[in-house]
Each structure stands twice: as structure tokens, then as C-alpha cells.
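Structure file data14.cif (mmCIF, C-alpha atoms) is printed below.
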data_data
#
loop_
_atom_site.group_PDB
_atom_site.id
_atom_site.type_symbol
_atom_site.label_atom_id
_atom_site.label_comp_id
_atom_site.auth_asym_id
_atom_site.auth_seq_id
_atom_site.Cartn_x
_atom_site.Cartn_y
_atom_site.Cartn_z
ATOM 1 C CA MET A 539 0.000 0.000 0.000
ATOM 2 C CA THR A 540 1.325 3.424 -0.888
ATOM 3 C CA GLY A 541 3.067 5.095 1.990
ATOM 4 C CA ALA A 542 1.833 2.634 4.587
ATOM 5 C CA GLY A 543 4.115 2.085 7.519
ATOM 6 C CA ARG A 544 5.102 -1.164 9.146
ATOM 7 C CA ILE A 545 4.686 -2.151 12.788
ATOM 8 C CA GLU A 546 6.458 -4.999 14.524
ATOM 9 C CA THR A 547 6.755 -6.125 18.091
ATOM 10 C CA ILE A 548 10.263 -7.352 18.766
ATOM 11 C CA VAL A 549 11.662 -8.918 21.905
ATOM 12 C CA VAL A 550 14.925 -7.417 23.066
ATOM 13 C CA ASP A 551 17.583 -8.721 25.428
ATOM 14 C CA GLY A 552 15.993 -9.214 28.805
ATOM 15 C CA GLY A 553 12.753 -10.453 27.270
ATOM 16 C CA LEU A 554 10.898 -7.157 27.048
ATOM 17 C CA PRO A 555 8.802 -6.522 23.944
ATOM 18 C CA VAL A 556 9.266 -3.269 22.036
ATOM 19 C CA ILE A 557 6.774 -1.988 19.462
ATOM 20 C CA VAL A 558 8.708 -0.546 16.524
ATOM 21 C CA LEU A 559 7.108 1.698 13.879
ATOM 22 C CA TRP A 560 8.806 2.115 10.515
ATOM 23 C CA GLY A 561 7.764 4.730 7.961
ATOM 24 C CA GLU A 562 4.529 6.709 7.893
ATOM 25 C CA HIS A 563 1.564 6.046 10.164
ATOM 26 C CA ASP A 564 -1.983 7.364 10.217
ATOM 27 C CA LEU A 565 -5.571 6.186 10.594
ATOM 28 C CA SER A 566 -4.809 3.132 8.445
ATOM 29 C CA THR A 567 -2.272 1.717 10.913
ATOM 30 C CA ALA A 568 -3.738 3.114 14.160
ATOM 31 C CA PRO A 569 -5.872 -0.017 14.805
ATOM 32 C CA GLU A 570 -2.821 -2.286 14.532
ATOM 33 C CA LEU A 571 -0.845 -0.100 16.925
ATOM 34 C CA ARG A 572 -3.777 -0.103 19.356
ATOM 35 C CA ALA A 573 -3.998 -3.909 19.184
ATOM 36 C CA ARG A 574 -0.273 -4.322 19.743
ATOM 37 C CA LEU A 575 -0.420 -2.020 22.778
ATOM 38 C CA HIS A 576 -3.271 -4.080 24.176
ATOM 39 C CA ASP A 577 -1.194 -7.229 23.627
ATOM 40 C CA LEU A 578 1.505 -5.746 25.866
ATOM 41 C CA ALA A 579 -0.893 -5.132 28.744
ATOM 42 C CA GLY A 580 0.621 -7.866 30.897
ATOM 43 C CA THR A 581 4.282 -7.077 30.315
ATOM 44 C CA GLY A 582 6.690 -5.349 32.661
ATOM 45 C CA ALA A 583 7.007 -2.194 30.567
ATOM 46 C CA VAL A 584 5.602 -0.680 27.395
ATOM 47 C CA ILE A 585 8.099 0.800 24.953
ATOM 48 C CA VAL A 586 7.156 2.260 21.553
ATOM 49 C CA ASP A 587 10.131 2.990 19.309
ATOM 50 C CA LEU A 588 9.558 5.864 16.852
ATOM 51 C CA ASP A 589 13.209 6.209 15.886
ATOM 52 C CA GLN A 590 12.525 4.890 12.373
ATOM 53 C CA THR A 591 9.155 6.634 12.057
ATOM 54 C CA THR A 592 8.915 9.381 9.450
ATOM 55 C CA PHE A 593 5.319 10.555 9.983
ATOM 56 C CA VAL A 594 2.513 10.251 12.535
ATOM 57 C CA ASP A 595 -0.819 12.044 12.708
ATOM 58 C CA SER A 596 -3.280 12.734 15.498
ATOM 59 C CA SER A 597 -4.807 9.257 15.095
ATOM 60 C CA ILE A 598 -1.506 7.724 16.164
ATOM 61 C CA LEU A 599 -1.049 10.256 18.957
ATOM 62 C CA GLY A 600 -4.496 9.321 20.234
ATOM 63 C CA VAL A 601 -3.550 5.647 20.361
ATOM 64 C CA LEU A 602 -0.295 6.462 22.144
ATOM 65 C CA VAL A 603 -2.087 8.629 24.701
ATOM 66 C CA GLY A 604 -4.547 5.782 25.292
ATOM 67 C CA GLY A 605 -1.645 3.385 25.803
ATOM 68 C CA LEU A 606 0.023 5.751 28.252
ATOM 69 C CA ARG A 607 -3.210 6.146 30.212
ATOM 70 C CA ARG A 608 -3.812 2.406 30.462
ATOM 71 C CA SER A 609 -0.203 1.805 31.474
ATOM 72 C CA ARG A 610 -0.440 4.352 34.248
ATOM 73 C CA GLU A 611 -3.682 2.815 35.475
ATOM 74 C CA ALA A 612 -1.947 -0.586 35.587
ATOM 75 C CA ASP A 613 1.220 0.900 37.119
ATOM 76 C CA VAL A 614 3.275 -0.299 34.155
ATOM 77 C CA PRO A 615 6.099 1.991 32.976
ATOM 78 C CA PHE A 616 5.566 3.475 29.502
ATOM 79 C CA GLY A 617 8.111 5.159 27.282
ATOM 80 C CA LEU A 618 8.578 6.459 23.760
ATOM 81 C CA VAL A 619 11.837 6.336 21.840
ATOM 82 C CA VAL A 620 12.116 9.211 19.382
ATOM 83 C CA GLY A 621 15.885 9.309 18.971
ATOM 84 C CA ASP A 622 18.326 12.080 19.750
ATOM 85 C CA GLU A 623 17.722 13.470 16.258
ATOM 86 C CA PRO A 624 14.037 12.726 15.638
ATOM 87 C CA HIS A 625 12.628 13.024 12.154
ATOM 88 C CA GLN A 626 11.441 16.576 11.579
ATOM 89 C CA ALA A 627 7.812 15.544 11.136
ATOM 90 C CA ILE A 628 7.817 13.647 14.425
ATOM 91 C CA ARG A 629 9.377 16.512 16.337
ATOM 92 C CA ARG A 630 6.923 18.962 14.754
ATOM 93 C CA ILE A 631 3.693 17.211 15.762
ATOM 94 C CA PHE A 632 4.897 16.566 19.295
ATOM 95 C CA GLU A 633 5.845 20.226 19.640
ATOM 96 C CA LEU A 634 2.567 21.494 18.172
ATOM 97 C CA THR A 635 0.466 19.323 20.442
ATOM 98 C CA GLY A 636 2.551 19.811 23.575
ATOM 99 C CA LEU A 637 2.893 16.056 23.980
ATOM 100 C CA TYR A 638 6.657 16.213 24.501
ATOM 101 C CA ASP A 639 5.768 17.130 28.061
ATOM 102 C CA VAL A 640 3.227 14.348 28.469
ATOM 103 C CA PHE A 641 5.178 11.250 27.418
ATOM 104 C CA PRO A 642 8.345 9.910 28.993
ATOM 105 C CA ILE A 643 10.628 10.236 25.939
ATOM 106 C CA TYR A 644 14.036 8.632 25.484
ATOM 107 C CA GLY A 645 16.784 9.218 22.977
ATOM 108 C CA SER A 646 17.511 5.546 22.417
ATOM 109 C CA ARG A 647 15.931 2.156 22.943
ATOM 110 C CA GLU A 648 18.773 1.251 25.301
ATOM 111 C CA ASN A 649 18.088 4.294 27.469
ATOM 112 C CA ALA A 650 14.386 3.493 27.567
ATOM 113 C CA LEU A 651 15.011 -0.110 28.548
ATOM 114 C CA ALA A 652 17.475 0.868 31.254
ATOM 115 C CA ALA A 653 15.138 3.461 32.731
ATOM 116 C CA LEU A 654 11.866 1.562 32.495
ATOM 117 C CA THR A 655 13.163 -1.770 33.746
ATOM 118 C CA ALA A 656 14.473 0.139 36.754
ATOM 119 C CA ARG A 657 10.868 1.421 37.154
ATOM 120 C CA GLY A 658 11.975 5.003 36.620
ATOM 121 C CA GLU A 659 9.816 6.762 34.045
ATOM 122 C CA ALA A 660 11.718 10.040 34.031
ATOM 123 C CA PRO A 661 14.028 10.275 31.006
ATOM 124 C CA MET B 604 -18.196 32.693 -7.398
ATOM 125 C CA THR B 605 -16.601 30.287 -9.833
ATOM 126 C CA ALA B 606 -13.850 28.108 -8.409
ATOM 127 C CA PRO B 607 -10.534 28.340 -10.253
ATOM 128 C CA ALA B 608 -9.430 25.408 -12.361
ATOM 129 C CA ALA B 609 -7.489 23.063 -10.124
ATOM 130 C CA ASP B 610 -3.830 22.508 -10.874
ATOM 131 C CA VAL B 611 -4.265 18.996 -9.537
ATOM 132 C CA THR B 612 -7.438 17.114 -8.705
ATOM 133 C CA LEU B 613 -7.822 13.705 -7.171
ATOM 134 C CA VAL B 614 -10.855 11.732 -6.059
ATOM 135 C CA VAL B 615 -10.351 8.697 -3.858
ATOM 136 C CA PRO B 616 -12.612 6.489 -1.743
ATOM 137 C CA ALA B 617 -13.144 7.771 1.778
ATOM 138 C CA VAL B 618 -11.300 4.912 3.455
ATOM 139 C CA PRO B 619 -8.208 4.921 5.702
ATOM 140 C CA ASP B 620 -5.895 3.542 3.000
ATOM 141 C CA SER B 621 -6.656 6.539 0.771
ATOM 142 C CA ILE B 622 -5.125 8.989 3.230
ATOM 143 C CA ALA B 623 -1.586 7.947 2.327
ATOM 144 C CA VAL B 624 -2.407 8.424 -1.364
ATOM 145 C CA ILE B 625 -3.491 12.013 -0.697
ATOM 146 C CA ARG B 626 -0.430 12.570 1.476
ATOM 147 C CA GLN B 627 1.960 11.313 -1.204
ATOM 148 C CA THR B 628 0.205 13.491 -3.776
ATOM 149 C CA VAL B 629 0.497 16.727 -1.807
ATOM 150 C CA SER B 630 4.075 15.879 -0.914
ATOM 151 C CA GLY B 631 4.923 15.548 -4.594
ATOM 152 C CA ILE B 632 3.175 18.830 -5.406
ATOM 153 C CA CYS B 633 5.099 20.667 -2.687
ATOM 154 C CA GLU B 634 8.428 19.263 -3.784
ATOM 155 C CA ALA B 635 7.710 20.139 -7.408
ATOM 156 C CA LEU B 636 6.983 23.700 -6.293
ATOM 157 C CA GLY B 637 10.279 23.918 -4.415
ATOM 158 C CA ALA B 638 8.837 24.040 -0.908
ATOM 159 C CA ASP B 639 11.252 23.551 1.976
ATOM 160 C CA ALA B 640 11.159 20.365 4.024
ATOM 161 C CA ARG B 641 9.284 21.905 6.936
ATOM 162 C CA THR B 642 6.544 23.199 4.651
ATOM 163 C CA VAL B 643 6.254 19.839 2.934
ATOM 164 C CA GLY B 644 5.814 18.234 6.342
ATOM 165 C CA ASP B 645 3.209 20.767 7.406
ATOM 166 C CA VAL B 646 1.184 20.302 4.209
ATOM 167 C CA LYS B 647 1.336 16.513 4.535
ATOM 168 C CA LEU B 648 0.118 16.657 8.137
ATOM 169 C CA ALA B 649 -2.679 19.146 7.470
ATOM 170 C CA ALA B 650 -3.903 17.177 4.444
ATOM 171 C CA THR B 651 -3.795 13.969 6.474
ATOM 172 C CA GLU B 652 -5.850 15.492 9.272
ATOM 173 C CA ALA B 653 -8.432 16.902 6.852
ATOM 174 C CA CYS B 654 -8.800 13.538 5.103
ATOM 175 C CA THR B 655 -9.014 11.719 8.432
ATOM 176 C CA ASN B 656 -11.948 13.947 9.346
ATOM 177 C CA VAL B 657 -13.682 12.926 6.115
ATOM 178 C CA VAL B 658 -13.110 9.222 6.704
ATOM 179 C CA LEU B 659 -14.259 9.379 10.326
ATOM 180 C CA HIS B 660 -17.077 11.915 10.176
ATOM 181 C CA ALA B 661 -18.463 12.606 6.706
ATOM 182 C CA TYR B 662 -20.334 9.471 5.777
ATOM 183 C CA SER B 663 -22.682 7.193 7.634
ATOM 184 C CA ASP B 664 -21.660 3.615 8.198
ATOM 185 C CA GLY B 665 -22.040 1.660 5.009
ATOM 186 C CA ASP B 666 -22.159 4.716 2.758
ATOM 187 C CA ALA B 667 -19.564 4.684 0.006
ATOM 188 C CA GLY B 668 -18.183 8.178 -0.136
ATOM 189 C CA THR B 669 -15.249 9.990 -1.603
ATOM 190 C CA ILE B 670 -12.525 12.448 -0.669
ATOM 191 C CA GLU B 671 -11.943 15.124 -3.303
ATOM 192 C CA LEU B 672 -8.616 16.930 -3.335
ATOM 193 C CA GLY B 673 -7.969 20.117 -5.269
ATOM 194 C CA ALA B 674 -4.549 21.760 -5.256
ATOM 195 C CA TYR B 675 -3.927 25.269 -6.580
ATOM 196 C CA ALA B 676 -0.530 26.938 -6.692
ATOM 197 C CA HIS B 677 -0.274 30.704 -7.008
ATOM 198 C CA ASP B 678 2.967 32.620 -6.587
ATOM 199 C CA ASP B 679 4.430 31.426 -3.296
ATOM 200 C CA GLU B 680 1.200 30.030 -1.954
ATOM 201 C CA LEU B 681 -0.438 26.621 -2.140
ATOM 202 C CA ARG B 682 -4.154 26.213 -1.586
ATOM 203 C CA LEU B 683 -5.626 22.801 -0.873
ATOM 204 C CA LEU B 684 -9.320 21.983 -0.942
ATOM 205 C CA VAL B 685 -10.473 18.790 0.746
ATOM 206 C CA ARG B 686 -14.116 18.129 -0.036
ATOM 207 C CA ASP B 687 -16.581 15.408 0.837
ATOM 208 C CA ARG B 688 -20.183 14.846 -0.235
ATOM 209 C CA GLY B 689 -21.360 13.599 3.128
ATOM 210 C CA ALA B 690 -23.778 14.759 5.756
ATOM 211 C CA GLY B 691 -21.859 17.850 6.795
ATOM 212 C CA MET B 692 -19.964 18.411 9.986
ATOM 213 C CA THR B 693 -21.400 16.276 12.726
ATOM 214 C CA PRO B 694 -19.903 15.318 16.060
ATOM 215 C CA ALA B 695 -18.760 11.717 16.327
ATOM 216 C CA PRO B 696 -18.590 10.906 20.019
ATOM 217 C CA MET B 697 -17.454 7.335 19.342
ATOM 218 C CA ALA B 698 -14.490 8.331 17.181
ATOM 219 C CA GLY B 699 -12.221 8.137 20.209
ATOM 220 C CA GLY B 700 -9.659 10.679 19.034
ATOM 221 C CA LEU B 701 -8.039 13.502 20.916
ATOM 222 C CA GLY B 702 -9.862 16.203 18.998
ATOM 223 C CA LEU B 703 -6.542 17.514 17.739
ATOM 224 C CA GLY B 704 -7.308 17.378 14.020
ATOM 225 C CA LEU B 705 -8.756 20.833 13.409
ATOM 226 C CA PRO B 706 -6.498 22.616 15.921
ATOM 227 C CA LEU B 707 -3.507 21.037 14.190
ATOM 228 C CA ILE B 708 -4.733 22.137 10.774
ATOM 229 C CA ALA B 709 -5.250 25.659 12.096
ATOM 230 C CA ALA B 710 -1.710 25.699 13.497
ATOM 231 C CA LEU B 711 -0.183 24.428 10.254
ATOM 232 C CA THR B 712 -1.927 26.675 7.747
ATOM 233 C CA SER B 713 -1.794 30.358 6.781
ATOM 234 C CA THR B 714 -5.570 30.381 6.445
ATOM 235 C CA LEU B 715 -8.247 27.801 7.155
ATOM 236 C CA THR B 716 -11.857 27.986 5.970
ATOM 237 C CA ILE B 717 -14.527 25.344 6.479
ATOM 238 C CA VAL B 718 -17.801 25.636 4.612
ATOM 239 C CA GLU B 719 -20.818 23.456 3.959
ATOM 240 C CA PRO B 720 -21.565 24.008 0.239
ATOM 241 C CA ASP B 721 -25.170 24.286 -0.915
ATOM 242 C CA ASP B 722 -24.891 20.987 -2.779
ATOM 243 C CA GLY B 723 -23.875 19.113 0.351
ATOM 244 C CA GLY B 724 -20.853 17.895 2.209
ATOM 245 C CA THR B 725 -18.043 19.864 3.748
ATOM 246 C CA GLU B 726 -15.180 21.719 2.104
ATOM 247 C CA VAL B 727 -11.983 22.515 3.965
ATOM 248 C CA SER B 728 -9.819 25.166 2.327
ATOM 249 C CA MET B 729 -6.236 25.475 3.536
ATOM 250 C CA THR B 730 -3.487 27.787 2.342
ATOM 251 C CA PHE B 731 0.223 27.457 2.959
ATOM 252 C CA ALA B 732 3.152 29.767 2.330
ATOM 253 C CA LEU B 733 5.497 27.691 0.208
ATOM 254 C CA ARG B 734 8.642 29.271 1.556
ATOM 255 C CA ASP B 735 9.431 30.158 5.132
ATOM 256 C CA THR B 736 9.214 33.943 5.386
ATOM 257 C CA PHE B 737 11.744 33.963 8.194
ATOM 258 C CA ALA B 738 14.159 31.414 6.727
ATOM 259 C CA ASP B 739 16.686 34.064 5.706
ATOM 260 C CA ALA B 740 16.220 36.313 8.725
#
Mind turning this structure into C-alpha cells?
Amino acid sequence: MTGAGRIETIVVDGGLPVIVLWGEHDLSTAPELRARLHDLAGTGAVIVDLDQTTFVDSSILGVLVGGLRRSREADVPFGLVVGDEPHQAIRRIFELTGLYDVFPIYGSRENALAALTARGEAP
Amino acid sequence: MTAPAADVTLVVPAVPDSIAVIRQTVSGICEALGADARTVGDVKLAATEACTNVVLHAYSDGDAGTIELGAYAHDDELRLLVRDRGAGMTPAPMAGGLGLGLPLIAALTSTLTIVEPDDGGTEVSMTFALRDTFADA
């Protein structure tokens, strides 16, 4: 499909799953992201890696906010990886919506894993 | 008032998979017009949000509808029209979004106009400056 992004859940060292988004994401991939977040409900931490993501819209932000809310209700650490040099489009929408201040955001997957497995959500 | 002839027109089904088609189209238009990367990103996001509104809100369940895109370039400005033929703007309490779509479009555009044409549906008109006024400041 033209421009459609790809979502995978990978298991990293230590056994924690990480949801990784490649490419562009919008309403067409939001249901898959929502389902994958639900699948992680029983894990020790929820990490969504946007380092390889080139575009997200408000549909995706809505799913991420829902995931953050559910994680907080379940007392499960939640973090986003956007990279130290996030793609311009990713940085732009987070700035415009003020969500940089809402999500725990990490510059690398390794930093997110280290912080969240130690139960510290602050980046 | 007669609408100007569109530089580019596109009609696609009002389904989620069509949004990327619109996005790729406006991206190509912007790049052909020499827009900077930030402007291209802003146009892609605004067009995506406008089309998402059509898919989520314009048509009743089961109705086959369309998204109509018109793109008009004039001097250093790009105007996009996103039009549906649905029931007009109606709240969709079950959509489950953050309600960020229209505020985002307003933040990304030079001007934003939303009208309900006499022959039905909703038309969102967005204009963008193709080059950053302050880029050389």
C-alpha cells in the first residue's frame, strides 16, 4: 500500500517486547498499533520505538495517549523512543500538540530499557 | 463565485488507506513547487488530518463516499481543498480521538476555511506559504 508504515513487536535482550514503527503512520495503521499495545498489557514495561518513524498524525497520537493512560492505570512503565535526532515531522507534531511534556521520551531504545526496567519513568 | 481550475485534482474512496495516497500526492506537489522540508511536512500533516476527518465523520456507516482533493498553486502560496459529499460536519462521540485534528490544521496553515456548500458535504480550504518567510532572517 502506498506510503503505509510497518509495525512490529520485537523482543529485546531481557525479554521485554518493544513496538517498533517504521515509515509513515496514520488512521490506516492506528488499529494495529492499538492492538499491539493491548497485547503488551501484561508485560513489565511498554516501549514504543519511533526512531525509524517518518510521519505520525493525530490518530496515532491518540492511540499512544490511550496506551500511556492504560499503562499508568496498571502501574506499568511506559516510554517512547524518538531518537536524539528525531525526524522533523515527528518533532513537529509533538511540539505542536505539547505532547513532549506528556510522554516519557528517550533518545535511544537502550536508554528506555534501562530506565523503564528500573521502574523510573523520568528520562 | 466560480472556483478556479485546479492545478491537480484527485478523487479517492473515503477509506483509511486513501489517506496515504493524498499525502503522497500533496508531498509531490510541494516538492515540485520547491517548498522547503518543513513546509512539505506541514502540508502533509494538514492534508492527512483533513482527510481523516472525512473518513471518520463525513459518511454514515455503510455509505460509500469519496474524498476530493484540489490543489492550486499561485505565486508562493499553495491552496488545498479537501471536499466530501457527506452529511456535513457532525460530532462523532465514538471516534475516540483527541480532537486535535482541526487545531492542528489551524496551526499548520496560513488560512483555514470550512464551509458546507449548498450541494452538500463539507469543504476545507487550507493555504500554505510555500517558503518560510523567516528562513533568511
Exercise. May I have the residues within 12 Å of segment 640-642 of chain A as a ChimeraX atom specification, using only C-alpha atoms and disregarding those fewer than 4 positions away in the same chain?
Key: /A:584-586,599,602-607,609-610,615-620,632-633,635-636,649-650,653-654,658-661
Quiz item: If the PyMOL selection byres ((chain A and resi 624) around 12) is run on the structure shown, which residues does it catch, given as an MDAnalysis selection string?
Solution: chainID A and resid 587:593 618:623 625:633 643:646
Quiz item: Taking all atoms listed in the file into account, what are the residues of chain B at most 6 Å from chain A, put as a list in words?
Solution: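 My answer is Pro619, Asp620, Ala623, Gly644, Gly700 and Leu701 of chain B.
With atom CA of Leu637 of chain A on one side and atom CA of Leu707 of chain B on the other, the separation reads 12.7 Å.
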Residues in the PyMOL selection byres ((chain B and resi 717) around 7), expressed as a PDB file with C-alpha atoms, in the coordinates of the input:
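Writing the result to part13.pdb gives the following:
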ATOM      1  CA  LEU B 715      -8.247  27.801   7.155  1.00  0.00           C
ATOM      2  CA  THR B 716     -11.857  27.986   5.970  1.00  0.00           C
ATOM      3  CA  VAL B 718     -17.801  25.636   4.612  1.00  0.00           C
ATOM      4  CA  GLU B 726     -15.180  21.719   2.104  1.00  0.00           C
ATOM      5  CA  VAL B 727     -11.983  22.515   3.965  1.00  0.00           C
ATOM      6  CA  SER B 728      -9.819  25.166   2.327  1.00  0.00           C
TER       7      SER B 728
END
Exercise. Report the residues retrieved by the PyMOL selection byres ((chain B and resi 730) around 12) from the displayed file, expressed as a ChimeraX atom specification.
Key: /B:642,645-646,649-650,673-677,679-685,708-716,727-729,731-733
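Residues with any atom within 10 Å of Ser663 of chain B, counting all atoms listed in the file and excluding same-chain neighbours fewer than 4 positions away, are Val658, Leu659, Ala667, Gly668, Gly689 and Ala690 of chain B.
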Mind giving me the axis-aligned box for segment 642-659 of chain B with 6 Å on every side, centre plus edges in Å to one decimal, as AutoDock Vina command-line options?
--center_x -3.9 --center_y 16.2 --center_z 6.6 --size_x 32.8 --size_y 26.0 --size_z 19.4
Self-check item: Long-range neighbours of Asp639 of chain B as a count of residues only, 8 Å cut-off, only C-alpha atoms, 4 positions minimum in chain
Solution: 5
Exercise. For atom CA of Val611 of chain B and atom CA of Leu703 of chain B, quote the distance in Å rounded to one decimal.
Key: 27.4 Å
Quiz item: For the atom pair atom CA of Leu554 of chain A and atom CA of Leu651 of chain A, what is the interatomic distance in Å to one decimal place?
Solution: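 Distance reported for this atom pair: 8.3 Å.
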Self-check item: Given only C-alpha atoms as the counted atoms, nearest of A:Thr655, A:Gly552, A:Gly561, A:Ile545 to Ala573 of chain A
Solution: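 Of all the options, A:Ile545 lies closest to Ala573 of chain A.
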Quiz item: Using all atoms listed in the file, which residues sit within 9 Å of Ile548 of chain A once same-chain residues fewer than 4 positions away are excluded, as a ChimeraX atom specification?
Solution: /A:554-558
Practice problem: Name the closest residue to Glu719 of chain B among the candidates B:Gly631, B:Leu636, B:Gly702, B:Asp687; distances are taken between atoms, counting all atoms listed in the file. | Solution: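 Closest candidate: B:Asp687.
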Quiz item: Looking at all atoms listed in the file, which of B:Arg688, B:Pro616, B:Pro720, B:Val624 is the one that sits closest to Tyr662 of chain B?
Solution: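 Using all atoms listed in the file, Tyr662 of chain B sits closest to B:Arg688.
Minimum distance to Asp610 of chain B across B:Leu672, B:Leu648, B:Ala638, B:Val657 (counting all atoms listed in the file) occurs at B:Leu672.
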Since fewer atoms than expected are present, regenerate all heavy atoms for segment 621-630 of chain B and write them as a compact mmCIF listing (two decimals), in the coordinates of the input.
# COMPACT_ATOMS: atom_id res chain seq x y z
N SER B 621 -6.77 5.44 1.74
CA SER B 621 -6.66 6.54 0.77
C SER B 621 -5.86 7.72 1.32
O SER B 621 -5.37 8.55 0.55
CB SER B 621 -8.06 7.04 0.38
OG SER B 621 -8.77 6.06 -0.31
N ILE B 622 -5.77 7.81 2.63
CA ILE B 622 -5.12 8.99 3.23
C ILE B 622 -3.66 9.08 2.81
O ILE B 622 -3.15 10.15 2.50
CB ILE B 622 -5.29 8.95 4.76
CG1 ILE B 622 -6.78 9.01 5.13
CG2 ILE B 622 -4.54 10.12 5.41
CD1 ILE B 622 -7.07 8.77 6.60
N ALA B 623 -2.99 7.94 2.75
CA ALA B 623 -1.59 7.95 2.33
C ALA B 623 -1.45 8.36 0.87
O ALA B 623 -0.46 9.00 0.48
CB ALA B 623 -0.96 6.57 2.54
N VAL B 624 -2.44 8.03 0.05
CA VAL B 624 -2.41 8.42 -1.36
C VAL B 624 -2.47 9.95 -1.48
O VAL B 624 -1.70 10.57 -2.22
CB VAL B 624 -3.57 7.77 -2.13
CG1 VAL B 624 -3.59 8.24 -3.58
CG2 VAL B 624 -3.46 6.25 -2.05
N ILE B 625 -3.39 10.55 -0.71
CA ILE B 625 -3.49 12.01 -0.70
C ILE B 625 -2.18 12.62 -0.18
O ILE B 625 -1.66 13.60 -0.74
CB ILE B 625 -4.66 12.46 0.20
CG1 ILE B 625 -6.00 11.95 -0.33
CG2 ILE B 625 -4.64 13.97 0.39
CD1 ILE B 625 -6.64 12.81 -1.38
N ARG B 626 -1.65 12.03 0.87
CA ARG B 626 -0.43 12.57 1.48
C ARG B 626 0.74 12.54 0.48
O ARG B 626 1.50 13.49 0.38
CB ARG B 626 -0.09 11.79 2.75
CG ARG B 626 1.03 12.42 3.56
CD ARG B 626 1.09 11.87 4.97
NE ARG B 626 1.31 10.45 5.04
CZ ARG B 626 0.41 9.58 5.47
NH1 ARG B 626 -0.76 9.99 5.89
NH2 ARG B 626 0.68 8.29 5.50
N GLN B 627 0.87 11.42 -0.22
CA GLN B 627 1.96 11.31 -1.20
C GLN B 627 1.75 12.32 -2.33
O GLN B 627 2.71 12.89 -2.86
CB GLN B 627 2.03 9.89 -1.76
CG GLN B 627 2.33 8.82 -0.72
CD GLN B 627 3.67 9.01 -0.04
OE1 GLN B 627 4.61 9.51 -0.65
NE2 GLN B 627 3.75 8.66 1.23
N THR B 628 0.50 12.55 -2.69
CA THR B 628 0.20 13.49 -3.78
C THR B 628 0.60 14.91 -3.39
O THR B 628 1.29 15.60 -4.14
CB THR B 628 -1.30 13.44 -4.13
OG1 THR B 628 -1.64 12.11 -4.54
CG2 THR B 628 -1.63 14.42 -5.24
N VAL B 629 0.18 15.35 -2.20
CA VAL B 629 0.50 16.73 -1.81
C VAL B 629 1.99 16.89 -1.55
O VAL B 629 2.57 17.95 -1.80
CB VAL B 629 -0.33 17.20 -0.58
CG1 VAL B 629 -1.81 17.16 -0.91
CG2 VAL B 629 -0.02 16.39 0.67
N SER B 630 2.63 15.82 -1.10
CA SER B 630 4.08 15.88 -0.91
C SER B 630 4.77 16.11 -2.25
O SER B 630 5.67 16.95 -2.37
CB SER B 630 4.56 14.57 -0.27
OG SER B 630 5.97 14.57 -0.14
